[in-house]
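Q: Take this structure first; my questions come after.
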Number of protein chains: 4
Amino acid sequence: MFATYTTFTVRYAETDAMGIVHHSNYPIWFEAGRTDFIKKLGMPYSKIEERGFMLPLLELKCCYKGAARYEDEITVKTTLKGLTYTRLVFQYEVFKNGGQNPITVGETVHVWTDSKLKPVNIRKAAPDIYQLIESTQD
Amino acid sequence: MFATYTTFTVRYAETDAMGIVHHSNYPIWFEAGRTDFIKKLGMPYSKIEERGFMLPLLELKCCYKGAARYEDEITVKTTLKGLTYTRLVFQYEVFKNGGQNPITVGETVHVWTDSKLKPVNIRKAAPDIYQLIESTQD
Amino acid sequence: MFATYTTFTVRYAETDAMGIVHHSNYPIWFEAGRTDFIKKLGMPYSKIEERGFMLPLLELKCCYKGAARYEDEITVKTTLKGLTYTRLVFQYEVFKNGGQNPITVGETVHVWTDSKLKPVNIRKAAPDIYQLIESTQD
Amino acid sequence: MFATYTTFTVRYAETDAMGIVHHSNYPIWFEAGRTDFIKKLGMPYSKIEERGFMLPLLELKCCYKGAARYEDEITVKTTLKGLTYTRLVFQYEVFKNGGQNPITVGETVHVWTDSKLKPVNIRKAAPDIYQLIESTQD
């Protein structure tokens, strides 16, 4: 299955008074992984938006198993767990410093909409985008 | 059941290029609700931290049903769904502009730890804190 | 001179590994003060945007004199230091827990633009908005 | 003069309802540049903190000349403009998509402190750190 690995360094601003990365940053890191996943598929999400389609979130789940700290090297593994004509489900695993076990795992459910946030059937509205994304499931 | 209602105004920095509040802000709003909940119980979380206890997250769930925009007036309703000697489960409902239906609902699971992030049994380690929190379930 | 006082509580997400509020939050707090200032003038900034005008930043200055921590009660005092037909200069003083001396002071310079981010002369484009804002200098 | 170039991709969460990167992200990007600068000098800032020294901000200045958008490729050029035994002044230029002219320039002034945020003379307290940083001025 198509998967992408996105890497970056923990920013000081992402830490909190516990000395670890604040939990609200993981959804942002998932998004960085998702951006990279869609770009590496061959169609940057910014281009999808230019064509008038958006992918707002319906659901978000995070499971925190370990902590990251300032300057840790982070890798987000992103895969597409499922798709329909109207929705996408992404999965994420976050690793630090080359570790084997994810420190956080997560999932986001998205709905395809037009630029007014009205749901659309992407297979009808943009068959090329649908096929591109479906190709990741082979 | 004990519930708190925490209100604030959407900040411009919280919006994104879709013109709506970015989904990563809801966990921060849940936290603002949780802070208020614990403070109104009678023991601010900052005092709990001074005593050497912390409540990092194990799990986060958000379900997005509607969008908020810049300058919307937000209310977060916070309740404690469950507690054990080692964990707390909070629930959140986010309303905007006095609306009856939440635009987002969420849940966070927390573990009691010491200041080194090592799990503790809060009933043993700080019975007064445990009893205070348990009192919300009456 | 017209001044507004905007209050809120420090969020945990706003702290960093030094145990204090991360410096990048002050520009966001200034913005909360600015939002409140414009709203109390009688025309919420969201309405100004609906009319097709925006106020992006040209310059930002912050001077940090003290630190804020989680759960501190913050007050932002906002004043308009100067205005021309094309620009606004706001000043901010941030106080904590009712203190007399600001922990941070700052200034932002803004340019009036249309919705495409092209500069406009607001006195010509929207004389009512210009007069409303000029009234704060009496 | 020693300079570092730090690159990353604009995150969706960093955009705002104007469709551009919110101005509060530039101080965070400056920090990412500063982290990289200190690390490439040979002593990661996280190690400096472990030795009990910190570099909180005294002043921040940003001058915004252009806008960045989602998925833009950002480069932060970081240099050390000046140093004394107690302070450091960093300068930043932010470029997008390989452009020749910076979209934002900035400066931060920092004070050396111990872990209690009390100012220290770093040349006395840690001569090796002082010399390492001074070497960038050759």
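FYI, nothing fancy with the structure tokens labels: chains A, B, ... in order, residues from 1 per chain, ligands from 1 as they appear.
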Would you list the contacts of Glu50 in chain B as an MDAnalysis selection string, taking every protein, DNA or RNA residue within 12 Å and counting only C-alpha atoms, but skipping same-chain residues closer than 5 positions in sequence?
A: (chainID A and resid 17:18) or (chainID B and resid 43:45 114:115) or (chainID C and resid 19 70)
Q: Check every residue of chain B for an atom within 12 Å of chain A, counting only C-alpha atoms, and provide those that qualify as a VMD selection string.
A: chain B and resid 16 to 31 46 49 to 50 52 to 67 103 to 111 113 to 118
Q: Please identify which residues in chain C DSSP calls helix (DSSP H, G or I) from the backbone, and express them as an MDAnalysis selection string.
A: chainID C and resid 12:14 23:41 45:50 122:125 127:137
Q: With N, CA and C atoms retained, write the just-selected residues as a short mmCIF file (atom, residue, chain, number, x, y, z; two decimals), in the first residue's frame.
A:
```
data_model
loop_
_atom_site.label_atom_id
_atom_site.label_comp_id
_atom_site.auth_asym_id
_atom_site.auth_seq_id
_atom_site.Cartn_x
_atom_site.Cartn_y
_atom_site.Cartn_z
N TYR C 12 -2.87 26.19 28.60
CA TYR C 12 -1.70 25.30 28.75
C TYR C 12 -0.92 25.21 27.43
N ALA C 13 -1.66 25.14 26.33
CA ALA C 13 -1.03 25.05 25.01
C ALA C 13 -0.14 26.25 24.71
N GLU C 14 -0.32 27.34 25.43
CA GLU C 14 0.46 28.55 25.19
C GLU C 14 1.80 28.54 25.94
N HIS C 23 6.83 33.07 23.44
CA HIS C 23 6.78 34.46 22.95
C HIS C 23 5.90 34.64 21.73
N SER C 24 5.67 33.57 20.96
CA SER C 24 4.87 33.71 19.74
C SER C 24 3.39 33.92 20.04
N ASN C 25 2.98 33.75 21.29
CA ASN C 25 1.57 33.95 21.62
C ASN C 25 1.20 35.42 21.81
N TYR C 26 2.18 36.25 22.11
CA TYR C 26 1.86 37.66 22.36
C TYR C 26 1.27 38.35 21.12
N PRO C 27 1.81 38.10 19.92
CA PRO C 27 1.14 38.69 18.74
C PRO C 27 -0.32 38.24 18.60
N ILE C 28 -0.60 37.02 19.04
CA ILE C 28 -1.98 36.52 18.98
C ILE C 28 -2.84 37.23 20.03
N TRP C 29 -2.25 37.50 21.18
CA TRP C 29 -2.96 38.24 22.23
C TRP C 29 -3.17 39.69 21.80
N PHE C 30 -2.16 40.26 21.14
CA PHE C 30 -2.35 41.63 20.61
C PHE C 30 -3.56 41.64 19.68
N GLU C 31 -3.64 40.61 18.85
CA GLU C 31 -4.74 40.52 17.88
C GLU C 31 -6.09 40.39 18.58
N ALA C 32 -6.12 39.65 19.69
CA ALA C 32 -7.36 39.56 20.47
C ALA C 32 -7.73 40.94 21.01
N GLY C 33 -6.73 41.70 21.43
CA GLY C 33 -6.97 43.06 21.89
C GLY C 33 -7.48 43.95 20.77
N ARG C 34 -6.88 43.82 19.60
CA ARG C 34 -7.24 44.62 18.43
C ARG C 34 -8.67 44.32 17.97
N THR C 35 -9.01 43.02 17.97
CA THR C 35 -10.37 42.60 17.64
C THR C 35 -11.38 43.27 18.56
N ASP C 36 -11.07 43.26 19.84
CA ASP C 36 -11.96 43.82 20.84
C ASP C 36 -12.05 45.34 20.69
N PHE C 37 -10.93 45.98 20.41
CA PHE C 37 -10.87 47.43 20.22
C PHE C 37 -11.80 47.85 19.08
N ILE C 38 -11.67 47.16 17.95
CA ILE C 38 -12.46 47.53 16.76
C ILE C 38 -13.94 47.22 16.99
N LYS C 39 -14.21 46.11 17.67
CA LYS C 39 -15.60 45.76 17.96
C LYS C 39 -16.25 46.79 18.87
N LYS C 40 -15.54 47.21 19.91
CA LYS C 40 -16.09 48.17 20.86
C LYS C 40 -16.24 49.56 20.24
N LEU C 41 -15.47 49.81 19.17
CA LEU C 41 -15.66 51.05 18.40
C LEU C 41 -17.03 51.06 17.73
N TYR C 45 -14.49 43.69 13.20
CA TYR C 45 -13.58 43.50 12.08
C TYR C 45 -14.12 42.48 11.09
N SER C 46 -14.89 41.51 11.58
CA SER C 46 -15.47 40.54 10.64
C SER C 46 -16.43 41.23 9.67
N LYS C 47 -17.09 42.30 10.12
CA LYS C 47 -17.97 43.07 9.23
C LYS C 47 -17.15 43.87 8.22
N ILE C 48 -16.01 44.39 8.69
CA ILE C 48 -15.13 45.13 7.79
C ILE C 48 -14.65 44.21 6.67
N GLU C 49 -14.30 42.97 7.03
CA GLU C 49 -13.87 41.99 6.03
C GLU C 49 -15.01 41.67 5.05
N GLU C 50 -16.22 41.58 5.59
CA GLU C 50 -17.37 41.30 4.71
C GLU C 50 -17.57 42.41 3.67
N ILE C 122 -8.42 54.12 2.65
CA ILE C 122 -9.69 53.78 3.31
C ILE C 122 -10.59 55.01 3.43
N ARG C 123 -10.00 56.21 3.46
CA ARG C 123 -10.82 57.41 3.57
C ARG C 123 -11.67 57.59 2.32
N LYS C 124 -11.09 57.23 1.17
CA LYS C 124 -11.86 57.29 -0.07
C LYS C 124 -12.78 56.08 -0.22
N ALA C 125 -12.25 54.91 0.11
CA ALA C 125 -12.97 53.67 -0.17
C ALA C 125 -14.12 53.43 0.80
N PRO C 127 -15.36 55.97 3.76
CA PRO C 127 -15.23 57.12 4.68
C PRO C 127 -15.82 56.87 6.05
N ASP C 128 -16.89 56.09 6.13
CA ASP C 128 -17.50 55.84 7.45
C ASP C 128 -16.55 55.06 8.36
N ILE C 129 -15.84 54.10 7.77
CA ILE C 129 -14.88 53.33 8.58
C ILE C 129 -13.75 54.25 9.03
N TYR C 130 -13.27 55.08 8.09
CA TYR C 130 -12.18 55.99 8.45
C TYR C 130 -12.58 56.91 9.60
N GLN C 131 -13.77 57.49 9.49
CA GLN C 131 -14.21 58.43 10.53
C GLN C 131 -14.40 57.76 11.88
N LEU C 132 -14.91 56.53 11.84
CA LEU C 132 -15.10 55.80 13.09
C LEU C 132 -13.76 55.60 13.79
N ILE C 133 -12.77 55.20 13.02
CA ILE C 133 -11.45 54.93 13.61
C ILE C 133 -10.77 56.23 14.02
N GLU C 134 -10.94 57.28 13.22
CA GLU C 134 -10.34 58.57 13.57
C GLU C 134 -10.92 59.10 14.89
N SER C 135 -12.17 58.74 15.18
CA SER C 135 -12.82 59.26 16.39
C SER C 135 -12.10 58.82 17.67
N THR C 136 -11.30 57.75 17.57
CA THR C 136 -10.58 57.27 18.76
C THR C 136 -9.44 58.19 19.15
N GLN C 137 -9.08 59.12 18.25
CA GLN C 137 -7.91 59.96 18.51
C GLN C 137 -8.28 61.26 19.22
#
```
Q: Step one, run DSSP on the backbone; step two, keep only residues of chain D assigned to strand (DSSP E); then write them as a PyMOL selection string.
A: chain D and resi 3-9+53-54+57-64+73-83+87-96+104-111+113-114
Q: Export N, CA and C atoms of the chosen residues as a compact mmCIF listing (two decimals), in the first residue's frame?
A:
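The new file result-v3.txt reads:
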```txt
# COMPACT_ATOMS: atom_id res chain seq x y z
N ALA D 3 26.21 31.59 8.39
CA ALA D 3 24.77 31.70 8.17
C ALA D 3 24.20 30.31 7.92
N THR D 4 22.96 30.10 8.35
CA THR D 4 22.33 28.81 8.05
C THR D 4 21.04 29.04 7.27
N TYR D 5 20.69 28.02 6.50
CA TYR D 5 19.50 28.05 5.66
C TYR D 5 18.63 26.86 6.05
N THR D 6 17.45 27.14 6.55
CA THR D 6 16.56 26.11 7.08
C THR D 6 15.31 26.08 6.22
N THR D 7 14.93 24.89 5.77
CA THR D 7 13.81 24.81 4.83
C THR D 7 12.68 23.93 5.35
N PHE D 8 11.47 24.29 4.99
CA PHE D 8 10.28 23.50 5.35
C PHE D 8 9.11 23.97 4.49
N THR D 9 8.01 23.27 4.58
CA THR D 9 6.82 23.53 3.77
C THR D 9 5.74 24.19 4.64
N PHE D 53 21.24 26.36 30.96
CA PHE D 53 21.17 27.72 30.41
C PHE D 53 20.01 27.85 29.44
N MET D 54 19.41 29.02 29.41
CA MET D 54 18.28 29.27 28.51
C MET D 54 18.46 30.63 27.85
N LEU D 57 13.49 35.44 25.08
CA LEU D 57 13.50 36.65 24.26
C LEU D 57 13.31 37.91 25.09
N LEU D 58 14.02 38.96 24.70
CA LEU D 58 13.78 40.30 25.23
C LEU D 58 13.00 41.13 24.22
N GLU D 59 13.35 40.96 22.94
CA GLU D 59 12.72 41.76 21.90
C GLU D 59 12.51 40.94 20.64
N LEU D 60 11.48 41.32 19.91
CA LEU D 60 11.16 40.68 18.63
C LEU D 60 10.73 41.77 17.67
N LYS D 61 11.29 41.73 16.46
CA LYS D 61 10.82 42.64 15.40
C LYS D 61 10.61 41.84 14.14
N CYS D 62 9.49 42.13 13.45
CA CYS D 62 9.20 41.49 12.16
C CYS D 62 8.79 42.58 11.19
N CYS D 63 9.26 42.47 9.96
CA CYS D 63 8.82 43.37 8.92
C CYS D 63 8.29 42.50 7.78
N TYR D 64 7.00 42.65 7.49
CA TYR D 64 6.32 41.79 6.50
C TYR D 64 6.29 42.50 5.15
N GLU D 73 7.32 26.60 -0.34
CA GLU D 73 8.57 26.10 0.24
C GLU D 73 9.33 27.28 0.84
N ILE D 74 9.55 27.21 2.14
CA ILE D 74 10.14 28.32 2.89
C ILE D 74 11.61 28.07 3.20
N THR D 75 12.42 29.10 3.09
CA THR D 75 13.81 29.04 3.56
C THR D 75 14.04 30.19 4.53
N VAL D 76 14.55 29.87 5.70
CA VAL D 76 14.90 30.90 6.68
C VAL D 76 16.43 31.01 6.73
N LYS D 77 16.95 32.18 6.37
CA LYS D 77 18.39 32.45 6.53
C LYS D 77 18.61 33.09 7.89
N THR D 78 19.48 32.49 8.70
CA THR D 78 19.71 32.97 10.06
C THR D 78 21.17 33.39 10.23
N THR D 79 21.37 34.56 10.80
CA THR D 79 22.72 35.00 11.14
C THR D 79 22.71 35.60 12.54
N LEU D 80 23.90 35.67 13.14
CA LEU D 80 24.03 36.29 14.46
C LEU D 80 24.56 37.69 14.23
N LYS D 81 23.73 38.68 14.54
CA LYS D 81 24.09 40.07 14.26
C LYS D 81 25.02 40.65 15.32
N GLY D 82 24.89 40.14 16.52
CA GLY D 82 25.73 40.68 17.58
C GLY D 82 25.66 39.83 18.82
N LEU D 83 26.69 39.93 19.65
CA LEU D 83 26.67 39.21 20.93
C LEU D 83 27.47 39.98 21.96
N ARG D 87 24.03 38.80 26.09
CA ARG D 87 22.95 38.83 25.10
C ARG D 87 23.38 38.32 23.73
N LEU D 88 22.36 37.94 22.94
CA LEU D 88 22.55 37.55 21.54
C LEU D 88 21.50 38.28 20.70
N VAL D 89 21.89 38.71 19.51
CA VAL D 89 20.94 39.31 18.58
C VAL D 89 20.99 38.52 17.27
N PHE D 90 19.88 37.88 16.93
CA PHE D 90 19.78 37.10 15.70
C PHE D 90 19.01 37.88 14.64
N GLN D 91 19.38 37.64 13.39
CA GLN D 91 18.64 38.22 12.26
C GLN D 91 18.15 37.10 11.35
N TYR D 92 17.00 37.35 10.75
CA TYR D 92 16.35 36.33 9.92
C TYR D 92 15.85 36.95 8.62
N GLU D 93 15.99 36.19 7.54
CA GLU D 93 15.35 36.54 6.28
C GLU D 93 14.58 35.32 5.82
N VAL D 94 13.31 35.51 5.49
CA VAL D 94 12.45 34.40 5.09
C VAL D 94 12.17 34.51 3.59
N PHE D 95 12.51 33.46 2.86
CA PHE D 95 12.29 33.42 1.41
C PHE D 95 11.27 32.33 1.08
N LYS D 96 10.55 32.50 -0.03
CA LYS D 96 9.64 31.42 -0.44
C LYS D 96 9.92 30.98 -1.87
N THR D 104 9.78 38.25 4.47
CA THR D 104 9.75 38.78 5.84
C THR D 104 11.18 38.82 6.36
N VAL D 105 11.50 39.89 7.09
CA VAL D 105 12.79 39.94 7.78
C VAL D 105 12.50 40.20 9.25
N GLY D 106 13.41 39.74 10.11
CA GLY D 106 13.15 39.91 11.53
C GLY D 106 14.41 39.87 12.35
N GLU D 107 14.24 40.15 13.62
CA GLU D 107 15.35 40.22 14.55
C GLU D 107 14.84 39.81 15.92
N THR D 108 15.64 39.06 16.65
CA THR D 108 15.29 38.74 18.04
C THR D 108 16.49 39.01 18.93
N VAL D 109 16.21 39.58 20.11
CA VAL D 109 17.24 39.83 21.12
C VAL D 109 16.97 38.87 22.28
N HIS D 110 18.02 38.17 22.70
CA HIS D 110 17.90 37.16 23.75
C HIS D 110 18.84 37.46 24.89
N VAL D 111 18.46 37.02 26.07
CA VAL D 111 19.32 37.16 27.24
C VAL D 111 19.68 35.75 27.75
N THR D 113 20.17 33.14 30.51
CA THR D 113 19.71 32.98 31.90
C THR D 113 20.04 31.56 32.38
N ASP D 114 19.92 31.39 33.69
CA ASP D 114 19.98 30.02 34.23
C ASP D 114 18.59 29.41 34.14
```
Q: What's the separation between CA of Pro119 in chain B and CA of Tyr85 in chain B, in Å to one decimal place?
A: 10.6 Å
Q: Could you jot down the CA of Thr15 in chain D to CA of Pro102 in chain A separation for me, Å, one decimal place?
A: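 Atom-to-atom, CA of Thr15 in chain D to CA of Pro102 in chain A, that is 28.0 Å.
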Q: Could you state the separation of CA of Met1 in chain B and CA of Arg51 in chain B in Å, given to one decimal place?
A: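 The value is 27.0 Å.
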